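All remarks here apply to the structure that follows.
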Amino acid sequence: MKQAGVLVAMPALLEPGLLRHLDQLPESKGYYRPANLLLFLALMFLTRVCSVEQMRYQSPGEWGKIMGSDRSPEVTTLRRRIRQLATSKAMDSWQSNLAKDWLSEDPEETATFDLDGHVKVYHRRKGNLPRHFVSRQKLCLPAAVSYWLHALGGTPLLCLHQQIDSKMIQTLKQDILPQLRELGLLPANSQEPASSTVTPPVLNLIFDREGWSPKLFDELARQGVAGITWRKGKVQPWSEQEFVAREVRVPGPCGSVIRRLSLAEKTLELRGGDIKARAIRCLRSDGRQSSIITTNNQMDINQVAGSILSRWSQENFFLYARREFGLDHLPVQELEPVDPAEKVVNPPWRRLKTAIAKLKNRLGHLTRRIDAQSKTTQPVGKLQTKKIDLAKELQELCQTQKSLPEHVKAGDLSPSEQLEALPRPVRQFYDLIRMIVYRAETALTPLVNGNRKGRPHSRSLLKSVFKSEADILPDEANGELVIRLLNQSNKAQNQALKELLKALNQKEIRFPETNLKLVYKLAD
């Protein structure tokens with residue numbers, strides 16, 4: 001049966017909690033219960049079917065047998081049932097409970113987290129979405145923004161969707177810290193940042209230069225959170241004699257790697273000496289120096305360097321999830337009005353900002369032209385007059401911009417400038433499924449043992465297995481559901497697959513909502 005090999009992932013899907021906390025989801029009448037839909041969507045993502053619309057081109061009968069039913073749900077049925085399940089209250093509760101379970105299962109990784117934003121571009125012409133800079137395309141485009149919190153090593157933990165992107169600093173203070181308190185990672189009495197004493201760090205947050213703010217470091221430190229980030233701005237290089245070669249452990253999703261780095265450290269005073277931080281430099285092979293800042297005075301220098309280098313695991317997650325699980329796919333095209341109380345950039349202020357930037361550019365070109373003609377003794381009288389006029393116009397625009405507020409409430413915008421946003425619950429529902437699927441695939445990679453010499457790449461082999469054919473053989477007499485997979489393309493892959501199936505059989509997992517134990521075999 002086509003793509004029945006995806007049932008190999010069943011034990012790994014159940015362990016991260018795919019079918020846990022179903023009581024948090026609204027129950028509705030219908031043939032397909034929430035457990036059926038969650039299982040179907042997870043298996044769909046693992047076979048790289050990244051949207052429900054692509055199921056129109058799949059065999060419903062074969063997918064029904066994989067699910068243990070007569071046929072898979074039709075696309076319109078899927079859309080309707082997902083809208084019924086994905087309510088704001090249900091999604092928040094489900095995500096919070098899953099995050100608590102994941103934290104309790106990995107107690108060693110609850111002290112350091114990665115924080116970063118991800119932009120999903122909206123390609124349709126209808127509506128008026130806020131524009132965001134998309135770094136991978138180098139353009140400002142209508143988009144929806146979400147902020148992701150990952151455990152050290154790149155394992156996803158939380159995903160917070162925003163109607164209006166208030167930037168990382170505001171999101172961290174308004175959304176991330178309350179979530180950390182709700183998960184029990186921060187004490188409840190840490191909500192008052194006005195305390196004059198700096199508490200010992202309870203956890204570390206790693207973020208990129210967008211979160212660089214000495215004021216933010218101070219507020220986080222008073223709540224028991226240490227920040228780790230790259231330093232913003234130009235710095236003077238340190239002497240190469242100050243650097244010491246060290247072996248640094250860099251955590252990743254499938255384990256840690258050891259890297260040999262040249263590191264140096266000094267004490268840094270920010271905001272006139274009010275904040276004492278650690279400045280750590282890494283000397284690259286090309287002679288450049290990467291500057292790291294942290295307010296954690298207790299963490300070893302090797303741990304600081306390894307932690308911030310492991311932030312690339314989060315970037316790799318975004319890249320992998322976009323390519324393999326359709327992270328950038330927007331599940332709904334409908335739009336909803338932005339909350340009237342949300343603060344947005346004032347459109348007249350933004351237009352003036354654009355006009356000022358263009359005028360400064362023209363003024364710069366004109367100044368360079370005047371300088372070039374002055375050296376050749378050519379007359380520049382007309383150019384000087386034009387420069388004076390442009391400078392006067394620029395001054396007037398700057399004064400007008402200062403008289404306008406930079407931000408206004410969304411409800412105060414004119415009807416033609418009203419902003420819209422993508423509905424949050426459905427996007428959060430799909431992203432939670434993607435998080436579980438990624439965790440499941442990551443849990444299977446060590447069982448494939450693809451790091452040894454001569455062995456296939458773990459994720460590539462798993463992807464091949466998920467898409468491969470297999471026989472589904474119910475044996476009710478022995479209480480077993482035998483999944484017999486076909487051989488792979490070479491001996492190394494077959495050997496790795498045998499080790500995977502052996503480990504899965506030891507777990508003795510039962511197929512959901514049945515008493516049949518899953519037994520995996522490789523065809524002779």
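A note on labels: chains of the structure tokens are A, B, ... as shown, every chain counts residues from 1, and ligands are counted from 1 in their shown order.
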
Open item on the list: Could you list, as a count of residues only, every residue within 6 Å of region 198-213 of chain A, counting only C-alpha atoms and ignoring same-chain residues fewer than 3 positions away?
Closed with: 17

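Picture a line from CA of Leu139 (chain A) to CA of Leu394 (chain A); it runs 25.9 Å.
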
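CA of Leu397 (chain A) lies 19.9 Å from CA of Gln384 (chain A).
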
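Distance annotation: of A:Gln3, A:Asp286, A:Val244, A:Ile292, the residue with the minimal separation from Thr267 (chain A) is A:Ile292; atom set is only C-alpha atoms.
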
Would you list, as a PDB file with C-alpha atoms, in the first residue's frame, the residues of region 89-246 of chain A that end up in helix (DSSP H, G or I) under DSSP run on this structure's backbone?
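The result, written out as selection.pdb:
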ATOM      1  CA  LYS A  89      -9.161  29.254  24.056  1.00  0.00           C
ATOM      2  CA  ALA A  90      -8.629  25.647  22.964  1.00  0.00           C
ATOM      3  CA  MET A  91      -5.358  26.379  21.142  1.00  0.00           C
ATOM      4  CA  ASP A  92      -3.882  28.356  24.047  1.00  0.00           C
ATOM      5  CA  SER A  93      -4.794  25.638  26.527  1.00  0.00           C
ATOM      6  CA  TRP A  94      -3.564  22.795  24.303  1.00  0.00           C
ATOM      7  CA  GLN A  95      -0.241  24.500  23.587  1.00  0.00           C
ATOM      8  CA  SER A  96       0.326  25.340  27.247  1.00  0.00           C
ATOM      9  CA  ASN A  97      -0.332  21.752  28.377  1.00  0.00           C
ATOM     10  CA  LEU A  98       1.898  20.291  25.662  1.00  0.00           C
ATOM     11  CA  ALA A  99       4.727  22.693  26.583  1.00  0.00           C
ATOM     12  CA  LYS A 100       4.472  21.698  30.255  1.00  0.00           C
ATOM     13  CA  ASP A 101       4.681  18.021  29.294  1.00  0.00           C
ATOM     14  CA  TRP A 102       7.723  18.589  27.095  1.00  0.00           C
ATOM     15  CA  LEU A 103       9.493  20.572  29.805  1.00  0.00           C
ATOM     16  CA  SER A 104       8.860  17.848  32.391  1.00  0.00           C
ATOM     17  CA  GLU A 105      10.255  15.215  30.017  1.00  0.00           C
ATOM     18  CA  PRO A 107      14.369  18.763  32.752  1.00  0.00           C
ATOM     19  CA  GLU A 108      17.986  19.337  31.718  1.00  0.00           C
ATOM     20  CA  GLU A 109      16.971  21.664  28.885  1.00  0.00           C
ATOM     21  CA  LYS A 167       8.945  43.915  17.524  1.00  0.00           C
ATOM     22  CA  MET A 168      10.887  41.468  19.637  1.00  0.00           C
ATOM     23  CA  ILE A 169      11.534  43.697  22.660  1.00  0.00           C
ATOM     24  CA  GLN A 170       7.862  44.484  23.260  1.00  0.00           C
ATOM     25  CA  THR A 171       6.786  40.923  22.445  1.00  0.00           C
ATOM     26  CA  LEU A 172       9.309  39.552  24.905  1.00  0.00           C
ATOM     27  CA  LYS A 173       8.042  41.750  27.728  1.00  0.00           C
ATOM     28  CA  GLN A 174       4.323  41.527  26.954  1.00  0.00           C
ATOM     29  CA  ASP A 175       3.932  37.929  25.747  1.00  0.00           C
ATOM     30  CA  ILE A 176       7.009  35.750  26.301  1.00  0.00           C
ATOM     31  CA  LEU A 177       7.607  36.503  29.992  1.00  0.00           C
ATOM     32  CA  PRO A 178       3.948  35.889  30.968  1.00  0.00           C
ATOM     33  CA  GLN A 179       4.101  32.562  29.097  1.00  0.00           C
ATOM     34  CA  LEU A 180       7.257  31.583  30.978  1.00  0.00           C
ATOM     35  CA  ARG A 181       5.551  32.411  34.273  1.00  0.00           C
ATOM     36  CA  GLU A 182       2.509  30.352  33.276  1.00  0.00           C
ATOM     37  CA  ALA A 188       5.007  34.515  39.919  1.00  0.00           C
ATOM     38  CA  ASN A 189       6.444  37.359  42.019  1.00  0.00           C
ATOM     39  CA  SER A 190       8.891  38.299  39.224  1.00  0.00           C
ATOM     40  CA  GLN A 191       6.292  40.460  37.516  1.00  0.00           C
ATOM     41  CA  ARG A 209      20.452  41.625  17.489  1.00  0.00           C
ATOM     42  CA  GLU A 210      16.815  42.702  17.177  1.00  0.00           C
ATOM     43  CA  GLY A 211      16.556  42.260  20.943  1.00  0.00           C
ATOM     44  CA  PRO A 214      20.582  47.653  27.586  1.00  0.00           C
ATOM     45  CA  LYS A 215      17.268  48.752  29.129  1.00  0.00           C
ATOM     46  CA  LEU A 216      15.766  45.358  28.286  1.00  0.00           C
ATOM     47  CA  PHE A 217      18.772  43.560  29.798  1.00  0.00           C
ATOM     48  CA  ASP A 218      18.186  45.477  33.037  1.00  0.00           C
ATOM     49  CA  GLU A 219      14.458  44.647  33.136  1.00  0.00           C
ATOM     50  CA  LEU A 220      15.110  40.975  32.403  1.00  0.00           C
ATOM     51  CA  ALA A 221      17.831  40.743  35.041  1.00  0.00           C
ATOM     52  CA  ARG A 222      15.468  42.098  37.708  1.00  0.00           C
ATOM     53  CA  GLU A 240      44.712  38.376  19.430  1.00  0.00           C
ATOM     54  CA  GLN A 241      46.969  37.532  22.373  1.00  0.00           C
ATOM     55  CA  GLU A 242      43.941  37.730  24.701  1.00  0.00           C
TER      56      GLU A 242
END

Can you pull out every residue from region 183-267 of chain A that DSSP, working from the backbone, puts in strand (DSSP E or B), and format the result as an mmCIF file with C-alpha atoms, in the first residue's frame?
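Wrote it out as out_33.cif, contents follow:
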data_model
loop_
_atom_site.group_PDB
_atom_site.id
_atom_site.type_symbol
_atom_site.label_atom_id
_atom_site.label_comp_id
_atom_site.auth_asym_id
_atom_site.auth_seq_id
_atom_site.Cartn_x
_atom_site.Cartn_y
_atom_site.Cartn_z
ATOM 1 C CA LEU A 203 16.894 30.940 32.995
ATOM 2 C CA ASN A 204 18.657 32.289 29.911
ATOM 3 C CA LEU A 205 17.069 33.705 26.764
ATOM 4 C CA ILE A 206 19.053 33.727 23.509
ATOM 5 C CA VAL A 225 16.207 36.233 33.220
ATOM 6 C CA ALA A 226 19.676 36.531 31.687
ATOM 7 C CA GLY A 227 19.933 37.645 28.074
ATOM 8 C CA ILE A 228 22.476 36.267 25.610
ATOM 9 C CA THR A 229 22.809 38.001 22.261
ATOM 10 C CA TRP A 230 25.214 39.425 19.710
ATOM 11 C CA VAL A 244 42.489 31.289 24.360
ATOM 12 C CA ALA A 245 41.656 28.131 22.389
ATOM 13 C CA ARG A 246 38.830 26.180 24.011
ATOM 14 C CA GLU A 247 36.688 23.151 23.246
ATOM 15 C CA VAL A 248 33.033 24.226 23.165
ATOM 16 C CA ARG A 249 30.016 21.911 23.207
ATOM 17 C CA VAL A 250 27.357 23.140 20.772
ATOM 18 C CA PRO A 251 23.926 21.500 21.372
ATOM 19 C CA GLY A 252 21.830 20.434 18.390
ATOM 20 C CA GLY A 255 22.964 15.692 20.047
ATOM 21 C CA SER A 256 25.956 17.929 20.610
ATOM 22 C CA VAL A 257 29.088 18.566 18.609
ATOM 23 C CA ILE A 258 32.458 19.779 19.889
ATOM 24 C CA ARG A 259 33.981 22.823 18.242
ATOM 25 C CA ARG A 260 37.366 24.346 18.931
ATOM 26 C CA LEU A 261 37.080 28.135 19.300
ATOM 27 C CA SER A 262 39.335 30.995 20.385
ATOM 28 C CA LEU A 263 37.532 32.982 23.094
ATOM 29 C CA ALA A 264 38.259 36.030 25.237
ATOM 30 C CA GLU A 265 36.216 37.808 27.901
ATOM 31 C CA LYS A 266 35.979 41.254 29.532
ATOM 32 C CA THR A 267 33.544 43.062 31.806
#

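Residue nearest Val344 (chain A), chosen from A:Pro142, A:Pro379, A:Gly411, A:Pro187 and counting only C-alpha atoms: A:Gly411.
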
TODO: Name all residues at most 9 Å from Leu447 (chain A) (count only C-alpha atoms; drop same-chain ones fewer than 4 positions away) and give them as an MDAnalysis selection string.
DONE: chainID A and resid 443 458 496:497 499:501 503:504

Open item on the list: Give me the residues near Leu486 (chain A) as a PyMOL selection string, where near means some atom within 7 Å (using only C-alpha atoms) and where sequence neighbours in that chain fewer than 5 positions away do not count.
Closed with: chain A and resi 469-470+522-523
